[in-house]
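Trainee: To start, I am sharing the structure in question, which I have written as structure tokens.
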Amino acid sequence: MEYVDLRSDTVTKPTPEMREAMAEAEVGDDVYGDDPTVNRLEEIAAEMLGKQSALFVPSGTMGNLIALLVHCQRGDEVIVGNKSHIYLNEAGGMSALGGIQPCPVQNQSDGTLAPNDILESIRSEDVHHPITKLICLENTQNICGGVPLTSDYTRQVGDLAHSNNLSLHIDGARIFNSAAAQDVSVKELVEPADSVMFCLSKGLASPIGSMVVGTSKFIARARHIRKMLGGGMRQVGVVAAAGIISLEKMTKRLGEDHARAKKMADGLRQIRGLIVDAGSPSTNMVYINISEDVQMNAGQISERIKKLGVLVDAENTHRFRLVTHYIVDDDAVEKAITAFGEVLN
Ligand SMILES: Cc1ncc(COP(=O)(O)O)c(C=O)c1O
């Protein structure tokens with residue numbers, strides 16, 4: 001059966017144009033800096049994000065970890081959202097591999113960290129305290145609903161960080177979704193940040209890869225740490241070729257995914273037993289709760305929906321996340337709405 005796969009935008013497969021570019025990519029040994037396709041990808045990424053330099057890394061998790069290891073020493077503390085990917089879903093890498101301690105601050109429902117909460121979490125100079133070094137924001141904030149953070153808010157946190165001698169890192173796994181949803185440039189969204197990680201392998205459809213951007217000095221150190229973590233890659237232009245298409249082409253079509261997510265949410269709102277989050281979706285993610293009178297839990301519903309050819313991710317016993325991406329067309333949206341309707345009615 002051909003499935004409509006709404007579990008994540010990480011399920012995207014490379015486009016035909018990407019496969020062609022990958023087959024024809026000029027390559028070299030990237031650890032020597034000899035891969036022209038990687039070099040071009042890094043130049044394009046730095047330019048699009050408005051930073052001096054960029055580094056191609058195998059995954060978003062490694063990109064975030066590298067950034068944290070550049071910003072912090074062992075024993076330092078990082079202010080992170082309590083619903084952030086870095087805090088919840090990166091296997092505790094900052095602590096296990098960097099000796100860095102997370103200081104979780106509550107994510108508000110709009111994905112932000114309240115500036116006052118951040119201020120109160122900054123450690124004072126005291127022999128007992130770890131040293132606060134970094135604030136991390138996530139844009140779009142995944143668990144809060146795929147919600148975009150604004151450039152005004154990011155500037156406010158950037159000012160707060162810099163006036164307290166801290167740095168600001170953005171986990172921008174889906175920063176291009178954020179920019180598309182707000183009709184602003186990615187450059188503007190990340191201008192206050194000292195470093196940014198973003199992913200090519202989610203809605204931008206590359207098979208592998210993320211980028212870390214920052215100053216040239218920061219990226220030189222990041223390159224060293226990438227090697228230390230075993231992330232130095234060789235003829236990786238075969239993958240970077242897809243990344244270039246992600247940046248030059250796929251970033252321009254994300255609005256379509258957002259429109260389809262909205263269409264899907266509108267359809268699902270009509271189905272008794274489903275409660276789509278108020279205001280959802282902001283980007284390509286639709287979060288839905290199951291109402292209390294429904295006799296099935298999310299796992300049972302997703303099993304039944306699978307039999308109708310639709311894959312969805314049960315976040316917990318009563319909540320789903322549905323994610324649109326370029327493989328999900330209008331028919332797929334209709335198929336998903338119909339499947340939910342059949343299972344719940
Ligand atoms: C917000 C966010 N940050 C970071 C990552 C990590 O990316 P990767 O799966 O490439 O390690 C993800 C993955 O889904 C994510 O959603």
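By convention in this document, the chains of the structure tokens carry letters A, B, ... by their order, each chain's residues are numbered from 1, and ligands are numbered from 1 in the order they are shown.
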Which residues are near Val196 of chain A? Cut-off 10 Å, only C-alpha atoms, ignore same chain within fewer than 5 positions. Put them as a ChimeraX atom specification.
Mentor: /A:49,51,54,63-64,67,136-138,168-173,175,190-191,211-214
Trainee: Keeping only N, CA and C atoms, take the residues you just selected and write them out as an mmCIF file, in the first residue's frame.
Mentor:
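What follows is the written file selection-v1.cif:
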data_model
loop_
_atom_site.group_PDB
_atom_site.id
_atom_site.type_symbol
_atom_site.label_atom_id
_atom_site.label_comp_id
_atom_site.auth_asym_id
_atom_site.auth_seq_id
_atom_site.Cartn_x
_atom_site.Cartn_y
_atom_site.Cartn_z
ATOM 1 N N LEU A 49 21.973 32.984 5.570
ATOM 2 C CA LEU A 49 21.714 33.230 6.997
ATOM 3 C C LEU A 49 22.357 34.538 7.478
ATOM 4 N N LYS A 51 25.594 35.161 7.929
ATOM 5 C CA LYS A 51 26.714 34.955 8.861
ATOM 6 C C LYS A 51 28.001 34.793 8.048
ATOM 7 N N ALA A 54 29.902 28.852 7.397
ATOM 8 C CA ALA A 54 28.974 27.740 7.662
ATOM 9 C C ALA A 54 29.729 26.423 7.615
ATOM 10 N N GLY A 63 24.898 19.043 15.000
ATOM 11 C CA GLY A 63 25.094 20.492 14.808
ATOM 12 C C GLY A 63 24.864 21.258 16.099
ATOM 13 N N ASN A 64 23.772 20.924 16.807
ATOM 14 C CA ASN A 64 23.519 21.605 18.084
ATOM 15 C C ASN A 64 24.626 21.307 19.087
ATOM 16 N N ALA A 67 27.759 23.248 18.352
ATOM 17 C CA ALA A 67 27.613 24.663 18.737
ATOM 18 C C ALA A 67 27.761 24.816 20.250
ATOM 19 N N CYS A 136 19.573 29.147 24.525
ATOM 20 C CA CYS A 136 19.155 28.482 23.280
ATOM 21 C C CYS A 136 17.667 28.734 23.038
ATOM 22 N N LEU A 137 17.358 29.144 21.833
ATOM 23 C CA LEU A 137 15.955 29.221 21.405
ATOM 24 C C LEU A 137 15.735 28.199 20.306
ATOM 25 N N GLU A 138 14.482 27.777 20.132
ATOM 26 C CA GLU A 138 14.143 26.831 19.055
ATOM 27 C C GLU A 138 13.091 27.492 18.157
ATOM 28 N N LEU A 168 23.874 33.661 22.206
ATOM 29 C CA LEU A 168 22.566 33.124 21.820
ATOM 30 C C LEU A 168 22.753 32.139 20.666
ATOM 31 N N HIS A 169 22.254 30.906 20.892
ATOM 32 C CA HIS A 169 22.251 29.887 19.830
ATOM 33 C C HIS A 169 20.801 29.600 19.455
ATOM 34 N N ILE A 170 20.537 29.480 18.159
ATOM 35 C CA ILE A 170 19.189 29.102 17.719
ATOM 36 C C ILE A 170 19.225 27.708 17.120
ATOM 37 N N ASP A 171 18.404 26.804 17.698
ATOM 38 C CA ASP A 171 18.118 25.536 17.044
ATOM 39 C C ASP A 171 17.051 25.872 16.010
ATOM 40 N N GLY A 172 17.523 26.092 14.797
ATOM 41 C CA GLY A 172 16.606 26.485 13.715
ATOM 42 C C GLY A 172 16.385 25.323 12.761
ATOM 43 N N ALA A 173 16.177 24.130 13.324
ATOM 44 C CA ALA A 173 15.944 22.947 12.480
ATOM 45 C C ALA A 173 14.959 23.303 11.355
ATOM 46 N N ILE A 175 13.975 26.652 10.573
ATOM 47 C CA ILE A 175 13.981 28.125 10.531
ATOM 48 C C ILE A 175 13.394 28.646 9.219
ATOM 49 N N VAL A 190 17.526 35.492 12.262
ATOM 50 C CA VAL A 190 18.666 34.976 13.042
ATOM 51 C C VAL A 190 19.727 36.042 13.302
ATOM 52 N N GLU A 191 19.449 37.266 12.882
ATOM 53 C CA GLU A 191 20.469 38.318 13.002
ATOM 54 C C GLU A 191 21.023 38.435 14.429
ATOM 55 N N MET A 211 23.275 22.327 8.837
ATOM 56 C CA MET A 211 24.330 23.338 8.754
ATOM 57 C C MET A 211 24.451 24.042 10.100
ATOM 58 N N VAL A 212 25.690 24.420 10.438
ATOM 59 C CA VAL A 212 25.903 25.313 11.579
ATOM 60 C C VAL A 212 26.500 26.587 10.991
ATOM 61 N N VAL A 213 25.980 27.744 11.406
ATOM 62 C CA VAL A 213 26.526 29.009 10.902
ATOM 63 C C VAL A 213 26.925 29.919 12.063
ATOM 64 N N GLY A 214 27.903 30.781 11.799
ATOM 65 C CA GLY A 214 28.372 31.723 12.817
ATOM 66 C C GLY A 214 29.535 32.530 12.265
#
Trainee: Each residue of chain A lying at most 9 Å from ligand 1 should get a row with its shortest atom-to-atom pair and the distance in Å to one decimal, counting only C-alpha atoms and all ligand atoms; could you produce that, ordered by chain and increasing number, as a tab-separated table?
Mentor:
residue	atom	partner	partner_atom_place_in_ligand_line	distance
A:Ser8	CA	ligand 1	14 (O)	8.0
A:Asp9	CA	ligand 1	14 (O)	8.4
A:Thr10	CA	ligand 1	14 (O)	7.0
A:Pro58	CA	ligand 1	10 (O)	7.3
A:Ser59	CA	ligand 1	10 (O)	3.7
A:Gly60	CA	ligand 1	7 (O)	3.5
A:Thr61	CA	ligand 1	11 (O)	3.7
A:Met62	CA	ligand 1	11 (O)	6.4
A:Gly63	CA	ligand 1	11 (O)	7.8
A:Asn64	CA	ligand 1	4 (C)	7.2
A:Ser84	CA	ligand 1	1 (C)	6.9
A:His85	CA	ligand 1	3 (N)	5.1
A:Ile86	CA	ligand 1	3 (N)	6.6
A:Asn89	CA	ligand 1	5 (C)	7.8
A:Glu90	CA	ligand 1	6 (C)	7.2
A:Glu138	CA	ligand 1	1 (C)	6.2
A:Asn139	CA	ligand 1	1 (C)	7.3
A:Thr140	CA	ligand 1	1 (C)	7.0
A:Gln141	CA	ligand 1	1 (C)	6.4
A:Asn142	CA	ligand 1	1 (C)	5.5
A:Ile143	CA	ligand 1	1 (C)	8.3
A:Gly146	CA	ligand 1	1 (C)	8.7
A:Asp171	CA	ligand 1	3 (N)	5.7
A:Gly172	CA	ligand 1	1 (C)	6.7
A:Ala173	CA	ligand 1	3 (N)	4.8
A:Arg174	CA	ligand 1	1 (C)	6.8
A:Met197	CA	ligand 1	4 (C)	8.1
A:Phe198	CA	ligand 1	4 (C)	7.9
A:Cys199	CA	ligand 1	10 (O)	6.4
A:Leu200	CA	ligand 1	10 (O)	8.4
A:Ser201	CA	ligand 1	10 (O)	6.8
A:Lys202	CA	ligand 1	14 (O)	7.6
A:Ile208	CA	ligand 1	10 (O)	7.6
A:Gly209	CA	ligand 1	10 (O)	6.8
A:Ser210	CA	ligand 1	10 (O)	6.6
Trainee: Within segment 50-299 of chain A, find each residue whose DSSP state, derived from the backbone, is strand (DSSP E or B), and express the selection as JSON, numbers by chain.
Mentor: {"A": [53, 54, 55, 56, 57, 76, 77, 78, 79, 80, 81, 101, 102, 103, 104, 105, 107, 113, 131, 132, 133, 134, 135, 136, 137, 138, 141, 147, 167, 168, 169, 170, 171, 195, 196, 197, 198, 199, 210, 211, 212, 213, 214, 274, 275, 276, 285, 286, 287, 288, 289, 290]}
Trainee: Could you pull out the alpha helix (DSSP H) residues of segment 177-316 of chain A, going by DSSP on the backbone, and write them as a PyMOL selection string?
Mentor: chain A and resi 177-182+186-190+216-228+237-248+254-269+298-307
Trainee: Can you tell me, as number ranges by chain, what residues are no more than 8 Å from Ile288 of chain A when counting only C-alpha atoms, ignoring any on the same chain fewer than 6 positions away?
Mentor: A: 274-277, 319-321
Trainee: Using only C-alpha atoms, which of A:Pro102, A:Pro207, A:Gly28, A:Gly33 sits nearest Ala220 of chain A?
Mentor: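 Of all the options, A:Gly33 lies closest to Ala220 of chain A.
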Trainee: Which residue out of A:Ser163, A:Asn297, A:Asn316, A:Thr324 has the minimum interatomic distance to Ala259 of chain A when only C-alpha atoms are used?
Mentor: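 Between A:Ser163, A:Asn297, A:Asn316, A:Thr324, the residue approaching Ala259 of chain A most closely is A:Thr324.
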Trainee: Nearest to Leu69 of chain A among A:Ile225, A:Ala205, A:Ile244, A:Val294, with distances taken over only C-alpha atoms: which residue is it?
Mentor: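 Checking each candidate against Leu69 of chain A, we get A:Ile225 as the closest.
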